[in-house]
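run-v3.txt follows (compact mmCIF, C-alpha atoms):
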```
# COMPACT_ATOMS: atom_id res chain seq x y z
CA MET L 585 0.00 0.00 0.00
CA THR L 586 1.32 3.41 -0.95
CA VAL L 587 1.13 6.01 1.78
CA ARG L 588 0.51 9.42 0.31
CA GLU L 589 1.30 12.76 1.80
CA HIS L 590 -0.91 15.80 1.46
CA LYS L 591 0.35 19.28 2.17
CA ILE L 592 -1.49 22.35 3.43
CA VAL L 593 0.32 25.62 4.09
CA VAL L 594 -0.72 28.25 6.63
CA MET L 595 0.51 31.70 5.66
CA GLY L 596 0.06 35.27 6.81
CA PRO L 597 1.87 38.12 8.50
CA LEU L 598 3.70 38.00 11.82
CA GLY L 599 1.36 37.58 14.75
CA ALA L 600 -1.72 36.54 12.77
CA GLY L 601 -2.00 33.17 14.52
CA LYS L 602 -0.38 30.70 12.10
CA SER L 603 1.53 28.71 14.73
CA THR L 604 -1.57 28.58 16.90
CA LEU L 605 -3.70 27.25 14.05
CA VAL L 606 -1.17 24.52 13.24
CA GLN L 607 -0.98 23.59 16.94
CA THR L 608 -4.76 23.52 17.25
CA LEU L 609 -5.30 21.29 14.23
CA THR L 610 -2.56 18.88 15.33
CA GLN L 611 -3.83 18.94 18.92
CA GLY L 612 -0.67 20.50 20.28
CA LYS L 613 1.75 18.11 18.58
CA ALA L 614 3.29 20.51 16.08
CA VAL L 615 7.00 21.29 15.97
CA VAL L 616 7.71 24.99 16.10
CA THR L 617 10.88 26.98 15.43
CA GLU L 618 10.60 30.03 17.58
CA ALA L 619 13.09 32.72 18.51
CA ARG L 620 12.80 35.91 20.50
CA ASN L 621 10.80 38.47 18.50
CA THR L 622 12.76 41.59 17.58
CA ASP L 623 9.87 43.42 15.90
CA PRO L 624 8.50 45.88 18.47
CA SER L 625 5.34 46.50 16.42
CA VAL L 626 4.11 43.00 17.20
CA GLY L 627 3.15 42.27 20.77
CA LYS L 628 4.58 38.79 21.12
CA GLU L 629 7.69 37.56 22.83
CA TYR L 630 8.58 34.75 20.42
CA THR L 631 8.01 34.29 16.71
CA THR L 632 8.49 31.59 14.07
CA VAL L 633 11.83 31.87 12.28
CA ALA L 634 11.78 28.85 9.97
CA MET L 635 8.44 27.08 9.87
CA ASP L 636 5.91 25.27 11.99
CA TYR L 637 5.18 21.68 11.17
CA GLY L 638 2.55 19.25 12.30
CA ASP L 639 0.84 16.25 10.80
CA ILE L 640 -2.47 14.48 11.05
CA ASP L 641 -3.09 10.79 10.36
CA LEU L 642 -5.68 10.35 7.64
CA PRO L 643 -7.80 7.23 7.07
CA GLY L 644 -5.98 4.61 4.98
CA GLY L 645 -2.56 5.60 6.29
CA ASP L 646 -2.16 8.84 4.35
CA ARG L 647 -0.75 11.87 6.16
CA LEU L 648 -1.85 15.46 6.11
CA ARG L 649 1.18 17.68 6.62
CA LEU L 650 0.56 21.19 7.87
CA TYR L 651 3.24 23.82 7.40
CA GLY L 652 3.12 27.24 9.01
CA SER L 653 5.23 29.76 7.18
CA PRO L 654 7.29 32.48 8.85
CA GLY L 655 5.40 35.73 8.53
CA GLN L 656 8.18 38.27 8.12
CA GLU L 657 9.00 39.54 4.66
CA ARG L 658 12.70 38.78 5.18
CA PHE L 659 11.76 35.08 5.15
CA SER L 660 9.75 35.41 1.94
CA TYR L 661 12.25 33.22 0.10
CA ILE L 662 10.83 30.29 2.10
CA TRP L 663 7.25 30.89 0.96
CA PRO L 664 7.60 29.40 -2.57
CA ILE L 665 9.49 26.45 -1.11
CA LEU L 666 6.60 25.74 1.25
CA LEU L 667 4.01 26.29 -1.47
CA ALA L 668 5.62 23.73 -3.79
CA GLY L 669 3.38 20.67 -3.91
CA ALA L 670 0.77 22.14 -1.58
CA GLU L 671 -2.88 21.22 -2.15
CA GLY L 672 -4.24 24.28 -0.39
CA ALA L 673 -3.42 27.26 1.78
CA ILE L 674 -5.02 29.13 4.63
CA VAL L 675 -3.94 32.77 4.78
CA LEU L 676 -4.45 34.38 8.17
CA VAL L 677 -4.94 38.12 8.49
CA ASP L 678 -4.71 39.90 11.85
CA GLY L 679 -8.05 41.72 11.93
CA SER L 680 -6.98 43.91 14.86
CA LYS L 681 -4.34 45.60 12.68
CA CYS L 682 -4.96 48.76 10.73
CA VAL L 683 -6.13 47.65 7.30
CA ASN L 684 -3.54 49.90 5.63
CA ALA L 685 -0.72 48.36 7.64
CA THR L 686 -1.36 44.68 7.00
CA LEU L 687 1.25 42.76 5.05
CA ALA L 688 -1.19 39.96 4.19
CA GLY L 689 -1.30 41.19 0.60
CA GLN L 690 2.33 40.09 0.21
CA HIS L 691 1.40 36.55 1.14
CA LEU L 692 -1.51 36.51 -1.32
CA GLN L 693 0.82 37.94 -3.94
CA ALA L 694 3.35 35.17 -3.28
CA ILE L 695 0.61 32.59 -3.79
CA ALA L 696 -0.54 34.32 -6.98
CA GLU L 697 3.04 34.22 -8.31
CA HIS L 698 4.13 30.77 -7.22
CA ALA L 699 0.90 28.75 -7.00
CA PRO L 700 -1.75 30.67 -8.93
CA THR L 701 -4.32 27.87 -9.03
CA LEU L 702 -3.92 26.91 -5.37
CA PRO L 703 -7.20 26.79 -3.41
CA VAL L 704 -7.03 29.43 -0.68
CA VAL L 705 -9.15 30.36 2.32
CA ILE L 706 -8.64 33.58 4.27
CA GLY L 707 -9.07 33.61 8.04
CA ILE L 708 -9.53 36.99 9.71
CA THR L 709 -8.20 36.59 13.25
CA LYS L 710 -8.51 38.73 16.39
CA CYS L 711 -11.73 40.33 15.18
CA GLY L 712 -14.41 39.29 17.63
CA ARG L 713 -16.73 36.32 17.70
CA ALA L 714 -17.06 33.80 14.88
CA ASP L 715 -20.66 34.84 14.25
CA ASP L 716 -19.74 38.50 13.89
CA PRO L 717 -19.62 39.79 10.33
CA VAL L 718 -16.29 40.56 8.71
CA LEU L 719 -15.85 44.28 9.40
CA PRO L 720 -16.58 46.65 6.49
CA HIS L 721 -12.99 47.91 6.17
CA TRP L 722 -11.76 44.34 5.91
CA GLN L 723 -14.50 43.53 3.42
CA ALA L 724 -13.22 46.42 1.30
CA TRP L 725 -9.65 45.12 1.62
CA LEU L 726 -10.79 41.64 0.60
CA GLY L 727 -12.68 43.11 -2.34
CA VAL L 728 -9.38 44.52 -3.63
CA HIS L 729 -6.95 41.73 -2.72
CA ALA L 730 -9.03 38.58 -2.80
CA PRO L 731 -12.44 39.20 -4.38
CA HIS L 732 -13.14 35.56 -5.21
CA LEU L 733 -11.73 33.93 -2.10
CA PRO L 734 -13.81 32.94 0.91
CA ALA L 735 -12.97 34.78 4.11
CA LEU L 736 -14.19 33.89 7.56
CA PRO L 737 -13.63 35.26 11.04
CA LEU L 738 -11.39 32.71 12.75
CA ASP L 739 -10.08 32.19 16.26
CA PRO L 740 -7.13 29.85 15.61
CA ARG L 741 -7.26 28.60 19.21
CA ASP L 742 -10.70 27.12 18.70
CA MET L 743 -10.71 23.59 17.24
CA ASN L 744 -14.24 23.88 15.84
CA GLN L 745 -13.39 27.08 14.01
CA ALA L 746 -10.12 25.59 12.77
CA ILE L 747 -12.04 22.60 11.41
CA THR L 748 -14.55 24.93 9.75
CA ALA L 749 -11.69 26.68 7.96
CA MET L 750 -10.38 23.29 6.83
CA ASP L 751 -13.86 22.22 5.67
CA LEU L 752 -14.04 25.37 3.62
CA LEU L 753 -10.60 24.76 2.16
CA MET L 754 -11.58 21.19 1.26
CA SER L 755 -14.61 22.52 -0.63
CA GLN L 756 -12.29 24.79 -2.56
CA ILE L 757 -9.91 21.92 -3.30
CA GLU L 758 -12.78 19.70 -4.41
CA CYS L 759 -14.21 22.21 -6.86
CA ASN L 760 -10.78 23.25 -8.13
CA ALA L 761 -10.05 19.62 -8.92
CA MET L 762 -13.31 19.36 -10.86
CA ALA L 763 -12.57 22.51 -12.82
CA THR L 764 -9.04 21.29 -13.59
CA ALA L 765 -10.35 17.92 -14.73
CA ASP L 766 -12.77 19.67 -17.08
CA GLU L 767 -10.09 21.76 -18.83
CA MET O 688 -49.73 53.25 7.11
CA ALA O 689 -47.25 51.89 4.59
CA PRO O 690 -44.91 54.25 2.73
CA THR O 691 -45.74 55.12 -0.87
CA THR O 692 -44.18 52.69 -3.31
CA LEU O 693 -41.96 53.81 -6.19
CA PRO O 694 -42.22 52.62 -9.84
CA SER O 695 -40.05 49.52 -9.23
CA ALA O 696 -43.06 48.15 -7.32
CA ALA O 697 -44.33 46.95 -10.70
CA LEU O 698 -41.69 44.21 -10.47
CA PRO O 699 -42.38 41.03 -8.51
CA PHE O 700 -41.28 41.33 -4.88
CA VAL O 701 -38.30 38.99 -5.14
CA GLN O 702 -36.84 41.03 -7.99
CA GLN O 703 -37.48 44.28 -6.13
CA LEU O 704 -35.68 42.87 -3.12
CA ARG O 705 -32.73 41.62 -5.17
CA ILE O 706 -32.32 45.01 -6.81
CA HIS O 707 -32.47 46.65 -3.41
CA LEU O 708 -29.84 44.33 -1.91
CA ALA O 709 -27.51 44.59 -4.90
CA GLY O 710 -27.94 48.37 -4.83
CA ASP O 711 -25.46 48.95 -2.04
CA ILE O 712 -22.74 47.45 -4.23
CA ALA O 713 -23.71 48.02 -7.84
CA MET O 714 -25.79 51.20 -7.55
CA PRO O 715 -24.60 53.06 -4.46
CA ARG O 716 -26.91 56.03 -5.12
CA ARG O 717 -30.09 53.98 -4.76
CA PRO O 718 -31.84 54.31 -1.38
CA ALA O 719 -30.42 51.84 1.12
CA TYR O 720 -33.66 51.84 3.09
CA ALA O 721 -36.98 50.22 2.28
CA ALA O 722 -40.18 48.94 3.82
CA VAL O 723 -41.61 45.48 3.11
CA ILE O 724 -45.36 45.77 2.81
CA HIS O 725 -48.15 43.19 3.07
CA ASP O 726 -51.84 44.08 3.03
CA ASP O 727 -51.04 47.78 3.27
CA ALA O 728 -49.08 47.27 6.47
CA THR O 729 -45.31 47.37 6.96
CA VAL O 730 -43.95 43.95 7.95
CA CYS O 731 -40.36 45.11 8.34
CA TRP O 732 -37.88 47.80 7.45
CA LEU O 733 -34.66 47.06 5.58
CA ASP O 734 -31.39 48.92 5.98
CA ALA O 735 -29.13 47.39 3.33
CA LYS O 736 -26.29 49.78 4.11
CA ASN O 737 -25.95 48.56 7.69
CA ASP O 738 -27.30 45.07 6.99
CA ARG O 739 -30.26 45.43 9.37
CA MET O 740 -33.81 44.16 9.24
CA MET O 741 -36.24 45.72 11.71
CA THR O 742 -39.48 43.84 12.13
CA THR O 743 -42.60 45.70 13.24
CA ALA O 744 -43.96 42.62 15.05
CA PRO O 745 -41.87 40.25 17.20
CA ALA O 746 -39.29 38.53 14.98
CA PRO O 747 -40.77 34.99 15.00
CA ILE O 748 -44.15 36.32 13.82
CA ALA O 749 -42.73 38.55 11.09
CA LEU O 750 -40.23 35.95 9.84
CA THR O 751 -42.85 33.20 9.73
CA LEU O 752 -45.17 35.48 7.75
CA LEU O 753 -42.43 36.33 5.25
CA GLN O 754 -41.46 32.68 4.93
CA LYS O 755 -45.08 31.65 4.29
CA LEU O 756 -45.68 34.38 1.73
CA LEU O 757 -42.42 33.77 -0.10
CA ALA O 758 -43.26 30.08 -0.50
CA GLU O 759 -46.28 31.16 -2.60
CA GLU O 760 -46.08 31.50 -6.36
CA HIS O 761 -47.02 35.18 -6.28
CA PRO O 762 -46.02 36.58 -2.87
CA ALA O 763 -48.42 39.30 -1.74
CA LEU O 764 -45.54 41.53 -0.78
CA SER O 765 -44.10 44.74 -2.11
CA LEU O 766 -41.03 46.80 -1.41
CA ALA O 767 -41.08 50.55 -0.94
CA PRO O 768 -37.68 52.26 -1.06
CA VAL O 769 -37.59 55.18 1.38
CA SER O 770 -35.20 58.02 2.13
CA GLN O 771 -32.98 57.89 5.20
CA GLU O 772 -35.00 60.75 6.69
CA LEU O 773 -38.30 58.94 6.27
CA PHE O 774 -36.75 55.73 7.51
CA GLU O 775 -35.52 57.43 10.68
CA GLN O 776 -38.90 59.09 11.25
CA ARG O 777 -41.12 56.11 10.68
CA ALA O 778 -39.25 52.87 11.28
CA ILE O 779 -41.00 51.26 14.22
CA VAL O 780 -38.93 48.44 15.56
CA SER O 781 -39.93 45.37 17.49
CA SER O 782 -36.87 43.24 16.65
CA ASN O 783 -33.56 44.23 15.11
CA LEU O 784 -32.03 41.43 13.02
CA PRO O 785 -29.06 41.01 10.66
CA LEU O 786 -30.58 41.52 7.21
CA ARG O 787 -28.91 39.07 4.88
CA PRO O 788 -28.62 36.17 7.35
CA SER O 789 -32.33 36.59 8.18
CA LEU O 790 -33.33 36.67 4.51
CA TRP O 791 -31.05 33.71 3.82
CA ASN O 792 -32.83 31.66 6.48
CA ILE O 793 -36.22 32.72 5.12
CA GLY O 794 -35.09 31.60 1.65
CA LEU O 795 -33.96 28.24 3.01
CA ALA O 796 -37.23 27.69 4.84
CA ALA O 797 -39.46 28.85 1.99
CA THR O 798 -38.44 25.85 -0.11
CA ARG O 799 -41.04 23.65 -1.81
CA LEU O 800 -39.81 20.44 -3.34
CA ASP O 801 -41.66 20.83 -6.64
CA ARG O 802 -40.20 24.19 -7.60
CA LEU O 803 -37.71 26.95 -6.95
CA MET O 804 -38.69 30.37 -5.70
CA PRO O 805 -40.37 32.25 -8.56
CA PRO O 806 -39.29 33.56 -11.00
CA LEU O 807 -36.62 30.82 -10.99
CA GLN O 808 -37.52 27.74 -13.02
CA MET O 809 -36.28 24.31 -11.93
CA ASP O 810 -33.68 24.25 -14.71
CA ALA O 811 -32.32 27.72 -13.85
CA LYS O 812 -28.56 27.99 -13.56
CA LEU O 813 -27.17 30.24 -10.86
CA ARG O 814 -23.72 31.60 -10.25
CA LEU O 815 -22.49 33.35 -7.12
CA ARG O 816 -21.53 37.00 -7.33
CA ARG O 817 -19.32 36.65 -4.24
CA TRP O 818 -18.93 34.44 -1.21
CA PRO O 819 -21.83 34.89 1.22
CA ASP O 820 -21.41 36.28 4.70
CA PHE O 821 -19.97 33.56 6.93
CA ARG O 822 -22.55 34.12 9.63
CA ILE O 823 -24.80 32.37 7.13
CA LEU O 824 -22.53 29.52 6.16
CA ALA O 825 -20.61 28.81 9.35
CA HIS O 826 -22.24 25.51 10.17
CA ARG O 827 -23.26 24.21 6.73
CA PRO O 828 -20.49 22.23 4.98
CA ASP O 829 -22.91 21.42 2.12
CA HIS O 830 -23.24 25.12 1.53
CA PHE O 831 -19.44 25.54 1.46
CA ARG O 832 -19.36 23.02 -1.36
CA LEU O 833 -22.18 24.66 -3.27
CA CYS O 834 -20.47 28.04 -2.88
CA ALA O 835 -17.11 26.70 -4.04
CA LEU O 836 -18.79 25.28 -7.14
CA LEU O 837 -21.07 28.20 -7.97
CA ILE O 838 -18.39 30.84 -7.50
CA LYS O 839 -16.54 29.18 -10.38
CA GLN O 840 -19.38 28.42 -12.74
CA GLY O 841 -23.12 28.55 -13.20
CA ALA O 842 -25.00 25.32 -12.55
CA SER O 843 -28.55 24.07 -12.13
CA VAL O 844 -29.96 22.32 -9.06
CA GLN O 845 -29.72 19.00 -10.85
CA ALA O 846 -26.10 19.56 -11.87
CA CYS O 847 -25.17 20.54 -8.30
CA CYS O 848 -26.81 17.39 -6.93
CA GLU O 849 -24.96 15.20 -9.42
CA ILE O 850 -21.58 16.86 -9.02
CA LEU O 851 -21.59 17.15 -5.24
CA ASP O 852 -23.80 14.17 -4.41
CA ILE O 853 -26.12 16.19 -2.20
CA PRO O 854 -29.91 15.88 -1.76
CA GLN O 855 -32.09 17.89 -4.13
CA ARG O 856 -33.81 19.68 -1.29
CA ALA O 857 -30.47 20.94 0.06
CA ALA O 858 -29.53 22.35 -3.33
CA GLN O 859 -32.99 23.83 -3.90
CA SER O 860 -33.07 25.60 -0.55
CA PHE O 861 -29.55 26.95 -1.17
CA PHE O 862 -30.64 28.24 -4.59
CA ASN O 863 -33.65 30.01 -3.05
CA ALA O 864 -31.58 31.59 -0.30
CA ALA O 865 -28.73 32.65 -2.57
CA PHE O 866 -31.15 34.10 -5.13
CA LEU O 867 -33.33 35.92 -2.60
CA THR O 868 -30.32 37.58 -0.96
CA ALA O 869 -28.84 38.53 -4.38
CA TYR O 870 -25.61 36.67 -3.72
CA ALA O 871 -26.44 34.58 -6.81
CA PHE O 872 -27.53 35.62 -10.27
CA PRO O 873 -28.99 33.58 -13.13
CA VAL O 874 -26.72 32.62 -16.01
CA MET O 875 -27.36 31.09 -19.41
CA GLY O 876 -25.56 28.36 -21.28
CA GLU O 877 -22.94 27.30 -18.76
CA ASP O 878 -22.98 23.55 -18.34
CA ALA O 879 -21.23 22.18 -15.31
CA PRO O 880 -19.01 19.14 -15.81
CA VAL O 881 -20.50 16.13 -14.04
CA ARG O 882 -17.57 14.45 -12.42
CA PRO O 883 -17.44 13.13 -8.86
CA SER O 884 -14.34 13.91 -6.82
CA PRO O 885 -11.92 10.97 -6.39
CA THR O 886 -12.82 8.75 -3.45
CA ASP O 887 -9.19 8.43 -2.34
CA GLY O 888 -8.33 12.12 -2.61
CA LEU O 889 -7.55 14.45 0.28
CA VAL O 890 -11.08 15.86 0.35
CA ASN O 891 -12.73 12.51 0.97
CA LEU O 892 -10.07 11.44 3.44
CA TRP O 893 -10.64 14.67 5.36
CA ARG O 894 -14.38 14.04 5.44
CA GLN O 895 -13.82 10.52 6.76
CA LEU O 896 -11.54 11.97 9.42
CA ARG O 897 -14.19 14.51 10.38
CA ILE O 898 -16.71 11.70 10.86
CA ARG O 899 -14.18 9.84 12.99
CA TRP O 900 -13.47 12.94 15.11
CA SER O 901 -17.14 13.64 15.66
CA ALA O 902 -18.00 10.03 16.59
```
Translate this file's structure into structure tokens.
Amino acid sequence: MTVREHKIVVMGPLGAGKSTLVQTLTQGKAVVTEARNTDPSVGKEYTTVAMDYGDIDLPGGDRLRLYGSPGQERFSYIWPILLAGAEGAIVLVDGSKCVNATLAGQHLQAIAEHAPTLPVVIGITKCGRADDPVLPHWQAWLGVHAPHLPALPLDPRDMNQAITAMDLLMSQIECNAMATADE
Amino acid sequence: MAPTTLPSAALPFVQQLRIHLAGDIAMPRRPAYAAVIHDDATVCWLDAKNDRMMTTAPAPIALTLLQKLLAEEHPALSLAPVSQELFEQRAIVSSNLPLRPSLWNIGLAATRLDRLMPPLQMDAKLRLRRWPDFRILAHRPDHFRLCALLIKQGASVQACCEILDIPQRAAQSFFNAAFLTAYAFPVMGEDAPVRPSPTDGLVNLWRQLRIRWSA
């Protein structure tokens, strides 16, 4: 029996919650590469400097590998490496940031350049409850940067919300595969 | 007394409502406020700009009435666009609800198995203008799948059922809700490919895992 590996990448700017999401989905078993944060604009003591990695056993012996990218632009050379062979990506956006200051557009741009057909879901973090609407200024930002991508409010600490984001991504993957097969 | 209706009242209610909801995006100068009228009385007020629905009776009564009327072939409802000034003067509120999620739920519940919400015919193909508000979709994985399909291409109820292997009623109720809230628009001549997703692919393995986790 051939064991297959499936790869999902979690991207987004520093402090958006990527490591947390990977930890949540792997039930705390992810490997993280953290170092002391030197960016004073982000209120966290440690930050990812290489990648986060965790895996989930799938039925039939396959493995779902989750990679969390480093958020800082200086590590952007890693993003295409992580995107290679990925079946989908979740891009997290820190919704508490000023919409003009977010660097999430860089991550979407990297996906557009290196994996243009990749199914993507956007999670807006730190923006209130999951049943709150996406705030109007973020809706406007999404309209410019990701008009055809689904975006949902997401608390990456919450397993149910993390699973919802994955369900949404799987729907994207499913329909992308159908469209590709039809071409 | 209900506000005076404008010329668009000649259109069936569902079309009036769709034009009103799309107006905040496509035609920003149209009034964002309107009254929904039945039997010369205002059932609720709509504020598309702030995504609010204000019912004049307690919400369960007003929503049940709207659901019942919208399930009929010719709903005895009309929409009267009003100015912000008139809206602020006259909007009497019993319950304050999120507009599109409330209409979405009404659309889902107004489903009859033998037909789609008029003027949609059973063979109508819909395509999504954009992804719906996630307050609507948060707990409906079937709806995620329908959205992911219909954002890419137009498809009929039957095509959706065949492609995604979902019950007809689920697809029909989604079509009604997406059409009523103006997230979806009718398209012509786009035929969806009928091809099930591979049973051993990541998507199906994930769904099996979800079942295992929830057991």
Extract, using all atoms listed in the file, all DNA, RNA and protein residues at most 9 Å from Thr631 (chain L), discarding same-chain residues fewer than 5 positions from it, and format them as a PyMOL selection string. chain L and resi 598-599+603+617-622+654-655
Counting only C-alpha atoms, what is within 8 Å of Gln859 (chain O), bar same-chain residues fewer than 2 positions away, as a list in words? Thr798, Leu800, Leu803, Val844, Gln855, Arg856, Ala857, Phe861, Phe862 and Asn863 of chain O
Should the cut-off be 10 Å, what would the residue list for chain O against chain L look like, counting only C-alpha atoms, as a PyMOL selection string? chain O and resi 737-738+785+815-840+850-851+879-885+887-897+899
Using only C-alpha atoms, determine which residues lie at most 7 Å from His729 (chain L), disregarding the query and same-chain residues fewer than 3 positions distant; provide the list as an NGL selection string. :L and (689 or 725-726)
If we count all atoms listed in the file, what is near region 696-705 of chain O at a cut-off of 12 Å, once residues fewer than 4 positions away on the same chain are taken out, given as a PyMOL selection string? chain O and resi 690-692+709-713+719-725+732-735+753+756-768+786-787+790+794+804-807+863-873
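Between CA of Ile695 (chain L) and CA of Ala600 (chain L) lies a distance of 17.2 Å.
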